[in-house]
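Have a look at model-v9.txt below; it lists compact mmCIF, C-alpha atoms and all ligand atoms.
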```
# COMPACT_ATOMS: atom_id res chain seq x y z
CA MET A 1 -2.48 -50.57 -12.80
CA PHE A 2 -3.93 -50.40 -9.32
CA ALA A 3 -4.98 -46.79 -9.97
CA ASP A 4 -6.76 -47.84 -13.17
CA CYS A 5 -8.69 -50.59 -11.40
CA PHE A 6 -9.49 -48.24 -8.58
CA SER A 7 -10.92 -45.61 -10.92
CA LEU A 8 -12.88 -48.30 -12.74
CA PHE A 9 -14.74 -49.19 -9.58
CA PHE A 10 -14.68 -45.76 -7.99
CA PRO A 11 -14.63 -43.23 -10.84
CA ARG A 12 -13.81 -39.70 -9.71
CA PRO A 13 -16.65 -37.23 -10.11
CA CYS A 14 -16.56 -34.17 -12.36
CA LEU A 15 -15.84 -31.25 -10.02
CA ALA A 16 -18.54 -29.13 -11.64
CA CYS A 17 -21.48 -31.53 -12.12
CA ALA A 18 -20.49 -34.58 -10.01
CA GLU A 19 -21.09 -37.05 -12.87
CA PRO A 20 -18.42 -39.79 -12.98
CA LEU A 21 -15.44 -38.86 -15.15
CA LEU A 22 -14.71 -41.06 -18.16
CA ALA A 23 -11.28 -42.35 -19.10
CA GLY A 24 -9.14 -39.46 -20.34
CA GLU A 25 -11.19 -36.80 -18.56
CA GLN A 26 -9.53 -34.87 -15.77
CA HIS A 27 -11.28 -32.72 -13.18
CA LEU A 28 -14.06 -31.72 -15.60
CA CYS A 29 -16.24 -33.84 -17.87
CA THR A 30 -16.38 -33.08 -21.57
CA THR A 31 -19.89 -31.67 -21.29
CA CYS A 32 -18.90 -29.20 -18.58
CA ARG A 33 -15.78 -28.19 -20.50
CA ALA A 34 -18.04 -27.37 -23.46
CA GLU A 35 -20.85 -25.72 -21.52
CA LEU A 36 -19.19 -23.71 -18.75
CA PRO A 37 -20.23 -20.03 -18.90
CA TYR A 38 -16.99 -18.56 -20.26
CA THR A 39 -16.81 -14.77 -20.34
CA ASP A 40 -14.51 -14.65 -23.39
CA TYR A 41 -13.74 -11.03 -22.43
CA HIS A 42 -10.11 -11.55 -23.39
CA HIS A 43 -11.22 -11.46 -27.01
CA LEU A 44 -12.43 -7.85 -26.58
CA PRO A 45 -10.26 -4.73 -26.78
CA PRO A 46 -9.57 -3.64 -23.16
CA ALA A 47 -11.75 -0.52 -23.63
CA ASP A 48 -14.79 -2.68 -24.48
CA ASN A 49 -14.32 -5.11 -21.61
CA PRO A 50 -17.24 -4.62 -19.17
CA LEU A 51 -15.10 -5.76 -16.23
CA ALA A 52 -12.65 -2.92 -16.79
CA ARG A 53 -15.37 -0.46 -15.75
CA ARG A 54 -15.31 -1.77 -12.21
CA PHE A 55 -11.90 -0.17 -11.76
CA TRP A 56 -12.44 3.04 -13.69
CA GLY A 57 -11.50 6.02 -11.57
CA ARG A 58 -10.09 3.74 -8.89
CA LEU A 59 -7.07 1.97 -10.30
CA PRO A 60 -5.25 1.85 -13.65
CA VAL A 61 -5.69 -1.75 -14.85
CA CYS A 62 -4.31 -2.86 -18.21
CA HIS A 63 -6.28 -6.13 -18.63
CA THR A 64 -9.20 -7.19 -16.43
CA LEU A 65 -9.65 -10.88 -17.12
CA SER A 66 -12.11 -13.36 -15.72
CA TYR A 67 -12.49 -16.91 -16.97
CA LEU A 68 -16.08 -17.72 -16.01
CA ARG A 69 -19.35 -16.06 -15.10
CA PHE A 70 -20.55 -16.92 -11.63
CA VAL A 71 -24.10 -18.27 -11.78
CA ARG A 72 -25.83 -19.07 -8.51
CA HIS A 73 -26.54 -22.80 -8.11
CA GLY A 74 -24.71 -23.44 -11.36
CA ARG A 75 -21.54 -25.29 -12.28
CA VAL A 76 -19.26 -22.37 -11.44
CA GLN A 77 -20.64 -22.12 -7.94
CA GLN A 78 -20.00 -25.84 -7.54
CA LEU A 79 -16.42 -25.47 -8.79
CA LEU A 80 -15.72 -22.62 -6.39
CA HIS A 81 -17.29 -24.59 -3.55
CA GLN A 82 -15.00 -27.53 -4.30
CA LEU A 83 -12.01 -25.20 -4.40
CA LYS A 84 -12.79 -23.27 -1.24
CA TYR A 85 -14.61 -25.64 1.05
CA ALA A 86 -13.93 -29.20 -0.11
CA GLY A 87 -10.12 -29.18 -0.12
CA GLN A 88 -9.91 -29.46 -3.91
CA ARG A 89 -6.86 -27.30 -4.50
CA GLU A 90 -6.44 -28.84 -7.95
CA VAL A 91 -9.64 -27.16 -9.15
CA GLY A 92 -7.75 -23.86 -9.00
CA GLN A 93 -4.70 -25.25 -10.70
CA ALA A 94 -6.69 -26.96 -13.45
CA LEU A 95 -8.73 -23.83 -14.23
CA GLY A 96 -5.58 -21.68 -14.16
CA GLN A 97 -3.86 -23.98 -16.60
CA LEU A 98 -6.83 -24.06 -18.97
CA TYR A 99 -7.28 -20.30 -18.85
CA GLY A 100 -3.56 -19.58 -19.23
CA ALA A 101 -3.39 -21.79 -22.31
CA GLU A 102 -6.31 -19.88 -23.79
CA LEU A 103 -4.85 -16.45 -22.99
CA ILE A 104 -1.50 -17.26 -24.53
CA ALA A 105 -3.25 -18.46 -27.70
CA THR A 106 -5.29 -15.24 -28.06
CA PRO A 107 -3.77 -12.89 -30.66
CA ALA A 108 -5.68 -9.88 -29.28
CA LEU A 109 -3.96 -10.37 -25.96
CA ARG A 110 -0.39 -10.01 -27.08
CA SER A 111 0.56 -8.34 -23.85
CA ALA A 112 -0.10 -11.64 -22.09
CA PHE A 113 3.49 -12.18 -23.11
CA ASP A 114 4.45 -9.08 -21.14
CA PHE A 115 3.25 -10.38 -17.81
CA GLY A 116 6.34 -10.47 -15.65
CA LEU A 117 4.97 -11.87 -12.44
CA ILE A 118 1.81 -13.48 -11.09
CA VAL A 119 0.85 -12.37 -7.59
CA PRO A 120 -2.09 -13.94 -5.72
CA VAL A 121 -4.30 -12.03 -3.29
CA PRO A 122 -3.11 -13.33 0.08
CA LEU A 123 -5.54 -15.18 2.28
CA HIS A 124 -6.23 -14.17 5.84
CA ARG A 125 -3.94 -16.28 8.04
CA ARG A 126 -6.84 -17.81 9.97
CA LYS A 127 -8.51 -18.90 6.74
CA LEU A 128 -5.19 -20.17 5.43
CA ALA A 129 -4.76 -22.26 8.57
CA ARG A 130 -8.27 -23.68 8.21
CA ARG A 131 -8.15 -24.38 4.46
CA GLY A 132 -4.50 -25.38 4.25
CA TYR A 133 -3.91 -23.50 1.00
CA ASN A 134 -4.69 -20.21 -0.69
CA GLN A 135 -7.19 -20.77 -3.51
CA ALA A 136 -5.94 -17.69 -5.39
CA GLU A 137 -2.42 -19.10 -5.27
CA ALA A 138 -3.69 -22.43 -6.65
CA PHE A 139 -5.21 -20.56 -9.62
CA GLY A 140 -1.97 -18.57 -10.06
CA ALA A 141 0.08 -21.77 -10.01
CA GLY A 142 -2.04 -23.13 -12.86
CA LEU A 143 -1.66 -19.89 -14.84
CA ALA A 144 2.10 -20.01 -14.28
CA THR A 145 2.32 -23.41 -15.97
CA ALA A 146 0.82 -21.94 -19.16
CA LEU A 147 2.01 -18.32 -19.20
CA PRO A 148 5.67 -17.41 -19.55
CA CYS A 149 5.96 -15.90 -16.10
CA PRO A 150 6.44 -17.19 -12.57
CA GLN A 151 4.22 -16.69 -9.54
CA ALA A 152 5.48 -14.92 -6.43
CA ALA A 153 3.11 -16.40 -3.89
CA THR A 154 4.29 -14.32 -0.95
CA ALA A 155 4.90 -10.99 -2.71
CA LEU A 156 1.85 -9.52 -0.97
CA ARG A 157 0.86 -9.96 2.65
CA ARG A 158 -2.05 -8.97 4.80
CA THR A 159 -1.48 -6.89 7.84
CA GLU A 160 -4.10 -6.14 10.41
CA HIS A 161 -4.03 -2.83 12.14
CA THR A 162 -6.35 -2.21 15.01
CA ALA A 163 -6.84 1.22 16.41
CA SER A 164 -6.96 1.77 20.13
CA GLN A 165 -10.18 0.04 21.06
CA THR A 166 -10.05 -0.89 24.70
CA ARG A 167 -13.35 0.81 25.41
CA LYS A 168 -15.22 -0.63 22.44
CA GLY A 169 -17.62 -3.55 22.54
CA ARG A 170 -16.79 -6.88 21.00
CA LEU A 171 -18.73 -6.41 17.76
CA GLU A 172 -17.40 -2.89 17.36
CA ARG A 173 -13.87 -4.13 17.88
CA TRP A 174 -14.38 -6.74 15.21
CA GLN A 175 -15.69 -4.18 12.74
CA ASN A 176 -12.83 -1.88 13.58
CA VAL A 177 -10.23 -4.33 12.34
CA ALA A 178 -8.98 -2.84 9.12
CA THR A 179 -7.17 -5.22 6.82
CA VAL A 180 -4.59 -3.75 4.53
CA PHE A 181 -2.10 -5.22 2.14
CA GLU A 182 1.57 -4.55 1.81
CA VAL A 183 4.23 -5.68 -0.61
CA ALA A 184 6.55 -8.05 1.23
CA GLU A 185 8.99 -8.39 -1.67
CA PRO A 186 9.27 -4.99 -3.41
CA ALA A 187 12.33 -6.04 -5.43
CA ALA A 188 10.26 -8.77 -7.09
CA VAL A 189 7.63 -6.36 -8.43
CA VAL A 190 9.65 -3.24 -9.37
CA GLY A 191 9.38 -2.52 -13.09
CA ARG A 192 7.24 -5.59 -13.72
CA HIS A 193 3.85 -6.01 -15.35
CA VAL A 194 2.09 -7.78 -12.49
CA LEU A 195 -0.87 -10.09 -13.04
CA LEU A 196 -2.82 -9.97 -9.79
CA VAL A 197 -5.03 -13.05 -9.33
CA ASP A 198 -7.96 -14.02 -7.13
CA ASP A 199 -10.84 -16.49 -7.15
CA VAL A 200 -13.81 -14.16 -7.68
CA LEU A 201 -14.19 -10.57 -8.86
CA THR A 202 -17.21 -8.86 -7.33
CA THR A 203 -16.91 -5.21 -6.32
CA GLY A 204 -13.15 -5.32 -6.76
CA ALA A 205 -12.43 -3.71 -3.37
CA THR A 206 -9.85 -6.30 -2.32
CA LEU A 207 -8.22 -6.33 -5.74
CA GLU A 208 -8.14 -2.53 -5.70
CA ALA A 209 -6.37 -2.52 -2.32
CA CYS A 210 -3.82 -5.10 -3.51
CA GLY A 211 -3.29 -3.39 -6.87
CA THR A 212 -2.75 -0.02 -5.22
CA ALA A 213 -0.06 -1.54 -3.00
CA LEU A 214 1.66 -3.21 -5.97
CA LEU A 215 1.74 -0.02 -8.06
CA ALA A 216 2.96 1.98 -5.07
CA ALA A 217 5.78 -0.53 -4.64
CA GLY A 218 6.94 0.06 -8.22
CA ALA A 219 5.09 -2.41 -10.45
CA SER A 220 5.14 -0.87 -13.94
CA THR A 221 1.72 -2.16 -15.04
CA LEU A 222 -1.13 -3.98 -13.39
CA SER A 223 -3.50 -6.57 -14.84
CA ILE A 224 -6.07 -8.66 -13.03
CA ALA A 225 -7.27 -12.23 -13.60
CA THR A 226 -9.89 -14.14 -11.63
CA ILE A 227 -11.52 -17.54 -11.99
CA ALA A 228 -14.98 -16.05 -12.01
CA THR A 229 -16.83 -12.78 -11.99
CA ALA A 230 -20.01 -12.19 -10.07
CA SER A 231 -22.50 -9.50 -10.95
CA THR A 232 -22.46 -6.57 -8.52
CA ASP A 233 -26.17 -5.75 -8.70
ZN ZN B 301 -19.32 -32.19 -15.53
```
Could you spell out this file's structure in structure tokens?
Ligand SMILES: [Zn+2]
Amino acid sequence: MFADCFSLFFPRPCLACAEPLLAGEQHLCTTCRAELPYTDYHHLPPADNPLARRFWGRLPVCHTLSYLRFVRHGRVQQLLHQLKYAGQREVGQALGQLYGAELIATPALRSAFDFGLIVPVPLHRRKLARRGYNQAEAFGAGLATALPCPQAATALRRTEHTASQTRKGRLERWQNVATVFEVAEPAAVVGRHVLLVDDVLTTGATLEACGTALLAAGASTLSIATIATASTD
């Protein structure tokens, strides 16, 4: 009752366009839901999916899935800004849930039923401390409510190795920090079709590093899903 009155006087804004949400709308207004730039790549055979090419020759990926196309200054940029810099963890969850429901309803993507585990790209611990949550994990949590597989949020971890660098300058030292990923819970991934998730797919370098670690640890198959894909040119 109180919540209803509150939202009557202070309606929550749509997270993509900032217009006030109407009764029954959650996170996104009806217009944005209809007009977001969906990739719809999950309707294509994997061989025709343009995103798959980003990993050719680098990593064997079964499905390369991305919900939205990133358009500068557009709604998707606003959504990602809300998720990453405005504390709106639920943006990730809401988009994950919507996308998961769509994937599971897509006949061409039967192997969505084969996903055994969702694993998010881990966030750097300093960013995690600042943001309070991992945006990739928020997206994975949403996917896990719609897909028949759980998320293992801590299956991967970042490790930072620094070479001997006592004689290097400050900037050089910074650049010398190599971040790598390792599988913290190998037993969880062995023999599983792992769906690796992140917020944005650009060059795919981070996803490649994570995917390589997962396959080396015994994952049987690797697929990738991101909220958005940005052009690399
Ligand atoms: Zn909107």
May I have the residues within 8 Å of ligand ZN 301 (chain B), computed using all atoms listed in the file, as a ChimeraX atom specification?
-> /A:13-19,21,28-33,75
Would you mind reading off the distance between CA of Leu143 (chain A) and CA of Thr64 (chain A), one decimal, in Å?
->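 Separation between CA of Leu143 (chain A) and CA of Thr64 (chain A): 14.9 Å.
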Just how far from CA of Arg192 (chain A) is CA of Ala219 (chain A), in Å to one decimal?
->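 Those two atoms sit 5.0 Å apart.
The interatomic distance for the pair CA of Thr106 (chain A) and CA of Ala228 (chain A) works out to 18.8 Å.
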Please write as a ChimeraX atom specification the list of polymer residues whose atoms come within 7 Å of (-17.6, -19.6, -12.7), counting all atoms listed in the file and keeping to the coordinates of the file.
-> /A:37,68-71,75-77,227-229
Only C-alpha atoms, please: the residues just picked out, written as a PDB file, keeping the file's coordinate frame.
```pdb
ATOM      1  CA  PRO A  37     -20.230 -20.030 -18.900  1.00  0.00           C
ATOM      2  CA  LEU A  68     -16.080 -17.720 -16.010  1.00  0.00           C
ATOM      3  CA  ARG A  69     -19.350 -16.060 -15.100  1.00  0.00           C
ATOM      4  CA  PHE A  70     -20.550 -16.920 -11.630  1.00  0.00           C
ATOM      5  CA  VAL A  71     -24.100 -18.270 -11.780  1.00  0.00           C
ATOM      6  CA  ARG A  75     -21.540 -25.290 -12.280  1.00  0.00           C
ATOM      7  CA  VAL A  76     -19.260 -22.370 -11.440  1.00  0.00           C
ATOM      8  CA  GLN A  77     -20.640 -22.120  -7.940  1.00  0.00           C
ATOM      9  CA  ILE A 227     -11.520 -17.540 -11.990  1.00  0.00           C
ATOM     10  CA  ALA A 228     -14.980 -16.050 -12.010  1.00  0.00           C
ATOM     11  CA  THR A 229     -16.830 -12.780 -11.990  1.00  0.00           C
TER      12      THR A 229
END
```
